[in-house]
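Peer 1: start-v9.cif (mmCIF, C-alpha atoms) pasted underneath:
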data_upload
#
loop_
_atom_site.label_atom_id
_atom_site.label_comp_id
_atom_site.auth_asym_id
_atom_site.auth_seq_id
_atom_site.Cartn_x
_atom_site.Cartn_y
_atom_site.Cartn_z
CA ALA U 1 23.41 -7.48 15.81
CA ALA U 2 22.65 -10.96 14.51
CA ALA U 3 21.01 -11.11 11.09
CA THR U 4 17.69 -12.12 12.69
CA GLY U 5 17.61 -8.88 14.69
CA MET U 6 18.32 -6.45 11.86
CA TYR U 7 15.58 -4.28 10.37
CA VAL U 8 15.17 -2.18 7.24
CA LYS U 9 13.17 1.04 6.91
CA VAL U 10 12.84 2.87 3.60
CA VAL U 11 12.62 6.67 3.79
CA ASP U 12 12.06 8.55 0.52
CA ALA U 13 14.31 11.51 -0.24
CA ASP U 14 11.40 13.98 0.18
CA ASP U 15 10.28 12.56 3.52
CA TRP U 16 11.43 12.37 7.13
CA VAL U 17 10.78 10.52 10.39
CA ASP U 18 9.45 12.14 13.54
CA PRO U 19 12.23 12.96 16.05
CA GLN U 20 9.96 12.22 19.03
CA ALA U 21 8.68 8.89 17.70
CA ILE U 22 12.09 7.60 16.58
CA ASP U 23 13.21 6.86 20.16
CA THR U 24 10.13 4.68 20.75
CA VAL U 25 10.60 2.86 17.45
CA LEU U 26 14.33 2.22 17.97
CA ALA U 27 13.77 1.00 21.55
CA THR U 28 11.15 -1.44 20.26
CA LEU U 29 13.45 -2.77 17.54
CA ARG U 30 16.47 -3.03 19.89
CA ALA U 31 14.38 -5.11 22.29
CA GLN U 32 13.90 -7.66 19.50
CA ARG U 33 17.58 -8.58 19.74
CA GLU U 34 16.91 -10.11 23.16
CA THR U 35 14.16 -12.46 22.00
CA ASN U 36 14.34 -15.81 20.22
CA GLU U 37 11.29 -14.92 18.11
CA PRO U 38 11.75 -11.36 16.85
CA ILE U 39 8.89 -9.59 15.10
CA ASP U 40 8.94 -9.74 11.31
CA MET U 41 7.25 -6.39 10.72
CA LEU U 42 6.69 -3.20 12.71
CA VAL U 43 3.73 -1.02 11.71
CA THR U 44 3.58 2.68 12.65
CA ASN U 45 1.39 5.65 11.71
CA TYR U 46 2.24 8.12 8.96
CA VAL U 47 1.34 11.74 8.24
CA TYR U 48 0.35 13.27 4.90
CA ASP U 49 2.47 16.41 5.18
CA LYS U 50 1.00 18.39 2.29
CA VAL U 51 2.54 21.68 1.14
CA ALA U 52 0.48 24.70 2.25
CA LYS U 53 -2.07 22.58 4.13
CA ARG U 54 -2.26 23.48 7.82
CA HIS U 55 -4.22 20.42 8.94
CA LYS U 56 -2.07 17.33 8.46
CA HIS U 57 -3.92 14.06 7.90
CA THR U 58 -2.51 11.21 10.02
CA VAL U 59 -3.22 7.61 9.08
CA ASN U 60 -3.39 5.21 12.03
CA PHE U 61 -4.24 1.53 12.45
CA ARG U 62 -5.65 1.54 15.99
CA ARG U 63 -9.01 0.10 14.88
CA VAL U 64 -7.24 -2.76 13.10
CA MET U 65 -4.37 -3.68 15.44
CA ASP U 66 -3.78 -3.63 19.18
CA SER U 67 -0.77 -1.43 19.89
CA GLY U 68 2.29 -2.80 21.64
CA ARG U 69 1.72 -6.56 21.48
CA VAL U 70 2.85 -9.23 19.01
CA LEU U 71 0.13 -10.13 16.53
CA GLY U 72 -0.49 -12.70 13.81
CA TRP U 73 -2.47 -11.99 10.64
CA ASP U 74 -5.60 -13.56 12.11
CA ASP U 75 -5.45 -11.07 15.03
CA LEU U 76 -6.00 -8.12 12.70
CA GLY U 77 -9.38 -6.43 12.40
CA THR U 78 -11.14 -5.26 9.24
CA PHE U 79 -9.29 -2.58 7.28
CA GLY U 80 -11.15 0.55 6.21
CA LEU U 81 -12.13 1.11 2.58
CA ALA U 82 -8.93 2.98 1.69
CA GLN U 83 -6.75 1.84 4.61
CA TYR U 84 -3.68 -0.26 3.93
CA ILE U 85 -0.15 -0.84 5.22
CA ILE U 86 1.72 1.48 2.87
CA MET U 87 5.54 1.41 2.69
CA HIS U 88 5.69 4.49 4.93
CA ALA U 89 3.97 2.55 7.72
CA LEU U 90 6.18 -0.52 7.79
CA THR U 91 9.61 -1.62 8.93
CA PHE U 92 10.64 -5.14 7.89
CA ARG U 93 12.99 -7.57 9.56
CA THR U 94 15.77 -7.69 6.96
CA GLN U 95 15.86 -11.49 6.76
CA VAL U 96 12.15 -11.57 5.87
CA VAL U 97 12.80 -9.43 2.79
CA ARG U 98 15.74 -11.66 1.82
CA ASP U 99 13.71 -14.85 2.32
CA SER U 100 10.87 -13.48 0.19
CA GLY U 101 13.21 -13.05 -2.78
CA LEU U 102 11.83 -9.55 -3.38
CA THR U 103 13.14 -8.02 -6.61
CA LEU U 104 11.92 -4.56 -7.59
CA PRO U 105 11.61 -3.68 -11.29
CA GLU U 106 14.18 -1.08 -12.36
CA HIS U 107 13.37 2.40 -13.70
CA THR U 108 9.82 2.08 -12.36
CA PHE U 109 7.86 4.38 -10.05
CA TYR U 110 5.21 3.15 -7.60
CA VAL U 111 7.21 0.03 -6.60
CA ASP U 112 6.38 0.95 -2.99
CA PHE U 113 3.03 -0.84 -3.58
CA TYR U 114 4.92 -4.03 -4.43
CA TYR U 115 7.44 -3.59 -1.60
CA SER U 116 4.49 -3.33 0.82
CA TYR U 117 2.89 -6.50 -0.51
CA GLN U 118 5.14 -9.21 -1.95
CA PRO U 119 7.02 -10.12 1.31
CA PHE U 120 3.84 -10.44 3.42
CA PRO U 121 3.45 -14.25 3.18
CA TRP U 122 6.86 -14.49 4.90
CA VAL U 123 5.68 -12.21 7.75
CA LYS U 124 4.38 -14.17 10.74
CA ARG U 125 4.86 -11.85 13.73
CA ILE U 126 3.62 -8.25 13.60
CA GLN U 127 3.73 -5.40 16.10
CA TYR U 128 1.93 -2.06 15.87
CA LEU U 129 3.07 1.14 17.58
CA ASP U 130 0.48 3.91 17.66
CA VAL U 131 2.97 6.73 16.98
CA PRO U 132 3.22 9.15 14.00
CA PHE U 133 6.64 7.97 12.84
CA TYR U 134 6.75 8.82 9.13
CA HIS U 135 6.08 12.20 7.48
CA TYR U 136 5.04 11.74 3.86
CA PHE U 137 5.83 15.04 2.09
CA ILE U 138 3.49 15.71 -0.84
CA GLY U 139 2.43 18.60 -3.02
CA ARG U 140 5.82 19.44 -4.52
CA GLU U 141 5.59 20.23 -8.24
CA GLY U 142 6.52 17.28 -10.45
CA GLN U 143 6.27 14.72 -7.66
CA SER U 144 5.46 11.17 -8.81
CA VAL U 145 2.08 11.21 -6.99
CA GLN U 146 0.82 14.34 -8.78
CA THR U 147 -2.33 13.44 -10.73
CA ASP U 148 -1.01 14.50 -14.14
CA VAL U 149 2.28 12.64 -13.51
CA MET U 150 0.44 9.46 -12.50
CA ILE U 151 -1.66 9.61 -15.66
CA ARG U 152 1.51 9.87 -17.77
CA ARG U 153 3.08 6.94 -15.90
CA VAL U 154 -0.02 4.78 -15.72
CA ASP U 155 1.70 1.93 -17.58
CA GLN U 156 4.12 1.68 -14.66
CA LEU U 157 1.14 1.34 -12.32
CA ARG U 158 -0.12 -1.46 -14.60
CA LEU U 159 3.24 -3.24 -14.34
CA VAL U 160 3.14 -3.01 -10.54
CA ASN U 161 -0.43 -4.32 -10.59
CA ARG U 162 0.65 -7.36 -12.63
CA LEU U 163 3.52 -8.08 -10.22
CA MET U 164 1.21 -7.78 -7.22
CA THR U 165 -1.32 -10.10 -8.86
CA GLU U 166 1.37 -12.71 -9.44
CA ALA U 167 2.50 -12.39 -5.80
CA THR U 168 -0.99 -13.10 -4.43
CA PRO U 169 -1.33 -16.51 -2.73
CA GLU U 170 -4.43 -18.64 -3.23
CA ARG U 171 -6.99 -18.79 -0.45
CA GLY U 172 -6.15 -21.55 2.03
CA THR U 173 -2.39 -21.49 1.42
CA VAL U 174 -1.81 -18.65 3.95
CA PRO U 175 -3.63 -17.50 7.12
CA ASP U 176 -7.15 -16.25 6.37
CA GLY U 177 -6.33 -12.83 7.81
CA LEU U 178 -3.37 -12.44 5.44
CA TYR U 179 -5.39 -13.55 2.41
CA ARG U 180 -8.20 -11.11 3.26
CA TYR U 181 -5.71 -8.28 3.66
CA MET U 182 -3.87 -9.05 0.39
CA ILE U 183 -7.16 -9.17 -1.54
CA HIS U 184 -8.11 -5.85 0.10
CA PHE U 185 -4.81 -4.22 -0.92
CA LEU U 186 -4.80 -5.73 -4.43
CA SER U 187 -8.31 -4.34 -4.89
CA ILE U 188 -7.12 -0.88 -3.81
CA GLU U 189 -4.12 -0.92 -6.17
CA SER U 190 -6.28 -2.20 -9.05
CA CYS U 191 -8.74 0.62 -8.38
CA VAL U 192 -5.98 3.26 -8.13
CA THR U 193 -4.59 2.16 -11.50
CA SER U 194 -8.10 2.12 -12.98
CA VAL U 195 -8.80 5.64 -11.70
CA PHE U 196 -5.82 7.09 -13.57
CA LEU U 197 -6.69 5.13 -16.72
CA ILE U 198 -10.15 6.73 -16.51
CA LEU U 199 -8.83 10.22 -15.66
CA SER U 200 -6.71 10.14 -18.82
CA ARG U 201 -9.92 10.32 -20.93
CA ASP U 202 -8.12 8.17 -23.50
CA PRO U 203 -10.26 5.38 -25.05
CA ALA U 204 -7.08 3.26 -25.45
CA ASN U 205 -6.65 3.45 -21.66
CA TYR U 206 -10.26 2.40 -21.11
CA GLU U 207 -9.33 -0.80 -22.98
CA LYS U 208 -6.21 -1.18 -20.80
CA LYS U 209 -8.48 -0.96 -17.75
CA ARG U 210 -10.65 -3.78 -19.11
CA GLU U 211 -7.49 -5.83 -19.76
CA LEU U 212 -6.24 -5.23 -16.21
CA TRP U 213 -9.37 -6.72 -14.66
CA ALA U 214 -9.45 -9.58 -17.19
CA ALA U 215 -5.83 -10.40 -16.27
CA LEU U 216 -6.87 -10.87 -12.62
CA ASP U 217 -9.44 -13.47 -13.64
CA GLU U 218 -6.96 -15.14 -15.98
CA TYR U 219 -4.28 -15.41 -13.28
CA SER U 220 -6.72 -16.95 -10.80
CA PRO U 221 -10.53 -17.09 -11.12
CA ALA U 222 -10.81 -17.28 -7.31
CA ILE U 223 -8.56 -14.26 -6.69
CA GLY U 224 -10.26 -12.35 -9.52
CA HIS U 225 -13.67 -13.11 -8.01
CA ASP U 226 -12.60 -12.01 -4.51
CA VAL U 227 -11.00 -8.76 -5.73
CA ARG U 228 -14.03 -7.90 -7.88
CA ALA U 229 -16.36 -8.54 -4.93
CA LYS U 230 -14.94 -5.58 -2.96
CA ILE U 231 -17.16 -2.49 -2.87
CA MET U 232 -14.47 -0.24 -4.36
CA SER U 233 -13.88 -2.70 -7.21
CA ARG U 234 -17.58 -2.78 -8.03
CA ALA U 235 -17.71 1.03 -8.03
CA ILE U 236 -14.69 1.41 -10.29
CA ASN U 237 -16.24 -0.99 -12.81
CA LEU U 238 -19.57 0.81 -13.21
CA PRO U 239 -20.28 0.57 -16.94
CA GLY U 240 -20.00 3.16 -19.68
CA SER U 241 -19.47 6.91 -19.68
CA ALA U 242 -21.77 7.37 -16.66
CA GLY U 243 -19.55 5.02 -14.65
CA ARG U 244 -16.42 6.92 -15.70
CA TRP U 245 -18.10 10.23 -14.79
CA ALA U 246 -18.86 8.88 -11.30
CA VAL U 247 -15.23 7.75 -10.85
CA ARG U 248 -13.82 11.16 -11.92
CA ASN U 249 -16.09 13.05 -9.54
CA GLY U 250 -15.47 10.62 -6.69
CA TYR U 251 -11.73 11.08 -7.14
CA THR U 252 -12.05 14.89 -7.07
CA ILE U 253 -14.02 14.76 -3.80
CA ALA U 254 -11.60 12.28 -2.18
CA GLU U 255 -8.59 14.35 -3.17
CA LYS U 256 -10.09 17.48 -1.58
CA VAL U 257 -10.93 15.64 1.67
CA VAL U 258 -7.65 13.75 2.15
CA GLY U 259 -5.27 15.80 0.00
CA PHE U 260 -3.28 12.76 -1.02
CA ASN U 261 -1.75 14.34 -4.15
#
Show the structure stored in the file as structure tokens.
Peer 2:
Amino acid sequence: AAATGMYVKVVDADDWVDPQAIDTVLATLRAQRETNEPIDMLVTNYVYDKVAKRHKHTVNFRRVMDSGRVLGWDDLGTFGLAQYIIMHALTFRTQVVRDSGLTLPEHTFYVDFYYSYQPFPWVKRIQYLDVPFYHYFIGREGQSVQTDVMIRRVDQLRLVNRLMTEATPERGTVPDGLYRYMIHFLSIESCVTSVFLILSRDPANYEKKRELWAALDEYSPAIGHDVRAKIMSRAINLPGSAGRWAVRNGYTIAEKVVGFN
């Protein structure tokens, strides 16, 4: 295939793709070879396949994107509070990744956040398939998304947050729909990092959390303002020990409902 019609899909060693959905996905991607304007990104659903949990939670985007047609960023709806296009949901056109100049930091976990973010300004044409393509296997002992592991590696989350901040375009330089989405996702990642800084119960990490949010404002007052304005950002920054207590309890409830660790 020509370079414009090649696609890249990352599958973690623990995970797998659905044998029924793969035919639909491959047929969609093969069809792009026949067009002069191939899609830049394919979005599919993913399943939290948690060990010992009978009910598997599937994340879909049907309220945000129309399935089966080519979309631009301004065609997307409003993403849910904790809904974002994680690495497991996306397949990039290879040339888009090359054009973006994406470079992942070495010896660092959680770079999937950055992989699912930095190339987006180079993405113009999007297609969504409402199929459960990716199975995200979680719950194995020692996995990088285990709560205690994430607390130990929270400085790596901070590094990824800094890289994502620096990859965020200013409002007006990209389509409004893309800017809104990137602010939404940057807010989520900033909150995720803040949660684990708070869960550590380490006063030094509480200071690192303050520094993280200050760094957003320092990079760009406008971006800092827009990220802080999100409901989740306001909740994560409730002041004092009472605010930290609310975050810890909110995390415990969310983990039980979704089972994301």
Peer 1: Can you give me, as a PyMOL selection string, the residues this file yields under the PyMOL selection byres ((chain U and resi 83) around 10)?
Peer 2: chain U and resi 59-61+64+78-82+84-86+184-185+188
Peer 1: Run the PyMOL selection byres ((chain U and resi 110-118) around 8) on the file and write out the hits as a PyMOL selection string.
Peer 2: chain U and resi 85-87+90+100+102+104-105+108-109+119-121+156-157+160+163-164+167-168+182+189
Peer 1: Looking at all atoms listed in the file, which of U:Leu29, U:Ser190, U:Arg158, U:Pro175 is the one that sits closest to Gly68 in chain U?
Peer 2: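 Nearest to Gly68 in chain U: U:Leu29.
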Peer 1: The PyMOL selection byres ((chain U and resi 153) around 12) - which residues does that actually catch in the file I just gave you? List them as a VMD selection string.
Peer 2: chain U and resid 107 to 110 143 to 152 154 to 160 193 196 to 197 200 205
Peer 1: So, counting all atoms listed in the file, which residue among U:Ala204, U:Val192, U:Leu76, U:Thr165 is closest to Ala235 in chain U?
Peer 2: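 For Ala235 in chain U, the nearest of the candidates is U:Val192.
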Peer 1: Any chance you could work out the axis-aligned box around range 206-213 of chain U, listed atoms only, 5 Å on each side, giving centre and edge lengths in Å to one decimal, as AutoDock Vina command-line options?
Peer 2:
--center_x -8.4 --center_y -2.2 --center_z -18.8 --size_x 14.4 --size_y 19.1 --size_z 18.3
Peer 1: Which value, in Å to one decimal, gives the distance between CA of Tyr134 in chain U and CA of Tyr46 in chain U?
Peer 2: 4.6 Å
Peer 1: Choose the residue, out of U:Glu211, U:Asp23, U:Asp14, U:Asp66, that has the smallest atom-to-atom separation from Phe133 in chain U; count all atoms listed in the file.
Peer 2: U:Asp23
Peer 1: Measuring between all atoms listed in the file, which one of U:Gly243, U:Pro132, U:Pro19, U:Gly72 shows the shortest distance to Val47 in chain U?
Peer 2: U:Pro132
Peer 1: Show me the residues around (-6.1, -20.8, -3.0) - criterion: an atom at most 10 Å away, only C-alpha atoms counted - as a ChimeraX atom specification.
Peer 2: /U:168-174,179,220-223
Peer 1: Please produce a file of the residues just selected, as a PDB file, in the coordinates of the input, where the atoms kept are C-alpha atoms.
Peer 2:
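Final file, result-v4.pdb:
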ATOM      1  CA  THR U 168      -0.990 -13.100  -4.430  1.00  0.00           C
ATOM      2  CA  PRO U 169      -1.330 -16.510  -2.730  1.00  0.00           C
ATOM      3  CA  GLU U 170      -4.430 -18.640  -3.230  1.00  0.00           C
ATOM      4  CA  ARG U 171      -6.990 -18.790  -0.450  1.00  0.00           C
ATOM      5  CA  GLY U 172      -6.150 -21.550   2.030  1.00  0.00           C
ATOM      6  CA  THR U 173      -2.390 -21.490   1.420  1.00  0.00           C
ATOM      7  CA  VAL U 174      -1.810 -18.650   3.950  1.00  0.00           C
ATOM      8  CA  TYR U 179      -5.390 -13.550   2.410  1.00  0.00           C
ATOM      9  CA  SER U 220      -6.720 -16.950 -10.800  1.00  0.00           C
ATOM     10  CA  PRO U 221     -10.530 -17.090 -11.120  1.00  0.00           C
ATOM     11  CA  ALA U 222     -10.810 -17.280  -7.310  1.00  0.00           C
ATOM     12  CA  ILE U 223      -8.560 -14.260  -6.690  1.00  0.00           C
TER      13      ILE U 223
END
